[in-house]
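This report refers to the structure that appears directly beneath it.
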Amino acid sequence: QVQLVESGGGLVQAGGSLRLSCVASIRPSIRPFNNYAMGWFRQAPGKEREFVCGINRSGDNTVCADSVKGRFTISRDNARNKVYLQMNSVKPEDTAVYYCAADRPQSFFAVPTMGGSYDYWGQGTQVTVSS
């Protein structure tokens, strides 16, 4: 079983920055954190959940949606079972609940971008960007 807990959300002004964190708790009998690709998704009110950024097992392959490319960066610390989302130059349209997710793809370099690929999800953290 993998439990994910997000933190770092809050209210920020447009143009500002925010850093989200997600820590994974994994049963010892299950594969270690570096066996999981990680992703950040978001869901705004009245909209479908969308992929934001993802990172492969070792952290050397990342993918971000076009809407956040150049502004958001995903990273991970496998020694601490953590994944981060650095959000810069935020916009009001970035307002959403942000979710951390974990997947165990067969490929070492894979970064899944579809929500259905992910097996484990956190509860989410609210990010509100004021104009």
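Just remember, in the structure tokens the first chain shown is A, the second B, etc., residues are 1-based per chain, and ligands are 1-based in the order shown.
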
#### Entry: Exercise: stretch 43-58 of chain A partners within 6 Å, only C-alpha atoms, chain neighbours under 6 positions left out, as a count of residues only
11

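Of the residues in stretch 26-120 of chain A, those that DSSP places in helix (DSSP H, G or I) on the basis of the backbone are Phe33, Asn34, Asn35, Pro92, Glu93, Asp94, Gly115, Gly116 and Ser117 of chain A.
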
### Task
Check the DSSP output for the backbone and give back, as a ChimeraX atom specification, the residues of stretch 15-61 of chain A in strand (DSSP E).
/A:18-26,37-43,50-55

May I have the residues from that selection written out with N, CA and C atoms, as a PDB file, in the first residue's frame?
ATOM      1  N   LEU A  18       4.922  29.179  -5.476  1.00  0.00           N
ATOM      2  CA  LEU A  18       4.459  28.248  -4.454  1.00  0.00           C
ATOM      3  C   LEU A  18       5.163  26.917  -4.699  1.00  0.00           C
ATOM      4  N   ARG A  19       5.472  26.203  -3.626  1.00  0.00           N
ATOM      5  CA  ARG A  19       6.101  24.897  -3.758  1.00  0.00           C
ATOM      6  C   ARG A  19       5.243  23.851  -3.066  1.00  0.00           C
ATOM      7  N   LEU A  20       4.768  22.902  -3.824  1.00  0.00           N
ATOM      8  CA  LEU A  20       3.998  21.801  -3.279  1.00  0.00           C
ATOM      9  C   LEU A  20       4.918  20.618  -2.991  1.00  0.00           C
ATOM     10  N   SER A  21       4.589  19.907  -1.928  1.00  0.00           N
ATOM     11  CA  SER A  21       5.334  18.707  -1.566  1.00  0.00           C
ATOM     12  C   SER A  21       4.386  17.532  -1.442  1.00  0.00           C
ATOM     13  N   CYS A  22       4.902  16.363  -1.677  1.00  0.00           N
ATOM     14  CA  CYS A  22       4.137  15.132  -1.508  1.00  0.00           C
ATOM     15  C   CYS A  22       5.077  14.088  -0.916  1.00  0.00           C
ATOM     16  N   VAL A  23       4.671  13.519   0.192  1.00  0.00           N
ATOM     17  CA  VAL A  23       5.478  12.485   0.828  1.00  0.00           C
ATOM     18  C   VAL A  23       4.738  11.152   0.718  1.00  0.00           C
ATOM     19  N   ALA A  24       5.495  10.117   0.414  1.00  0.00           N
ATOM     20  CA  ALA A  24       4.925   8.786   0.239  1.00  0.00           C
ATOM     21  C   ALA A  24       5.277   7.893   1.416  1.00  0.00           C
ATOM     22  N   SER A  25       4.269   7.208   1.930  1.00  0.00           N
ATOM     23  CA  SER A  25       4.472   6.188   2.948  1.00  0.00           C
ATOM     24  C   SER A  25       4.189   4.844   2.302  1.00  0.00           C
ATOM     25  N   ILE A  26       5.221   3.988   2.307  1.00  0.00           N
ATOM     26  CA  ILE A  26       5.112   2.706   1.610  1.00  0.00           C
ATOM     27  C   ILE A  26       5.386   1.590   2.600  1.00  0.00           C
ATOM     28  N   ALA A  37       6.965   5.947 -10.675  1.00  0.00           N
ATOM     29  CA  ALA A  37       6.878   7.242 -11.340  1.00  0.00           C
ATOM     30  C   ALA A  37       5.842   8.066 -10.590  1.00  0.00           C
ATOM     31  N   MET A  38       6.059   9.368 -10.551  1.00  0.00           N
ATOM     32  CA  MET A  38       5.175  10.240  -9.792  1.00  0.00           C
ATOM     33  C   MET A  38       4.600  11.319 -10.689  1.00  0.00           C
ATOM     34  N   GLY A  39       3.402  11.741 -10.367  1.00  0.00           N
ATOM     35  CA  GLY A  39       2.767  12.784 -11.156  1.00  0.00           C
ATOM     36  C   GLY A  39       1.994  13.760 -10.293  1.00  0.00           C
ATOM     37  N   TRP A  40       1.842  14.953 -10.825  1.00  0.00           N
ATOM     38  CA  TRP A  40       0.958  15.959 -10.233  1.00  0.00           C
ATOM     39  C   TRP A  40      -0.191  16.212 -11.210  1.00  0.00           C
ATOM     40  N   PHE A  41      -1.387  16.206 -10.659  1.00  0.00           N
ATOM     41  CA  PHE A  41      -2.585  16.513 -11.417  1.00  0.00           C
ATOM     42  C   PHE A  41      -3.322  17.642 -10.711  1.00  0.00           C
ATOM     43  N   ARG A  42      -4.267  18.250 -11.400  1.00  0.00           N
ATOM     44  CA  ARG A  42      -5.074  19.280 -10.762  1.00  0.00           C
ATOM     45  C   ARG A  42      -6.502  19.211 -11.288  1.00  0.00           C
ATOM     46  N   GLN A  43      -7.398  19.713 -10.462  1.00  0.00           N
ATOM     47  CA  GLN A  43      -8.799  19.772 -10.850  1.00  0.00           C
ATOM     48  C   GLN A  43      -9.403  21.070 -10.342  1.00  0.00           C
ATOM     49  N   GLU A  50      -6.771  17.229 -14.723  1.00  0.00           N
ATOM     50  CA  GLU A  50      -5.797  17.293 -15.806  1.00  0.00           C
ATOM     51  C   GLU A  50      -4.391  17.056 -15.303  1.00  0.00           C
ATOM     52  N   PHE A  51      -3.579  16.502 -16.174  1.00  0.00           N
ATOM     53  CA  PHE A  51      -2.172  16.251 -15.881  1.00  0.00           C
ATOM     54  C   PHE A  51      -1.425  17.577 -15.825  1.00  0.00           C
ATOM     55  N   VAL A  52      -0.531  17.704 -14.848  1.00  0.00           N
ATOM     56  CA  VAL A  52       0.293  18.913 -14.715  1.00  0.00           C
ATOM     57  C   VAL A  52       1.750  18.595 -15.069  1.00  0.00           C
ATOM     58  N   CYS A  53       2.361  17.755 -14.269  1.00  0.00           N
ATOM     59  CA  CYS A  53       3.749  17.347 -14.507  1.00  0.00           C
ATOM     60  C   CYS A  53       3.959  15.943 -13.975  1.00  0.00           C
ATOM     61  N   GLY A  54       4.926  15.232 -14.560  1.00  0.00           N
ATOM     62  CA  GLY A  54       5.279  13.905 -14.097  1.00  0.00           C
ATOM     63  C   GLY A  54       6.780  13.701 -14.137  1.00  0.00           C
ATOM     64  N   ILE A  55       7.241  12.707 -13.393  1.00  0.00           N
ATOM     65  CA  ILE A  55       8.677  12.434 -13.302  1.00  0.00           C
ATOM     66  C   ILE A  55       8.889  10.926 -13.217  1.00  0.00           C
TER      67      ILE A  55
END

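For the set A:Ser67, A:Ser7, A:Ser17, A:Gln1, the residue with the smallest atom-to-atom gap to A:Asn88 is A:Ser17, counting only C-alpha atoms.
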
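Of note, atom CA of A:Arg80 and atom CA of A:Tyr118 are spaced 20.6 Å apart.
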
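For the pair atom CA of A:Gly16 and atom CA of A:Val127, the separation is 12.0 Å.
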
### Task
Could you check which of A:Val12, A:Pro105, A:Asn81, A:Tyr99 is closest to A:Gln123, using only C-alpha atoms?
A:Tyr99
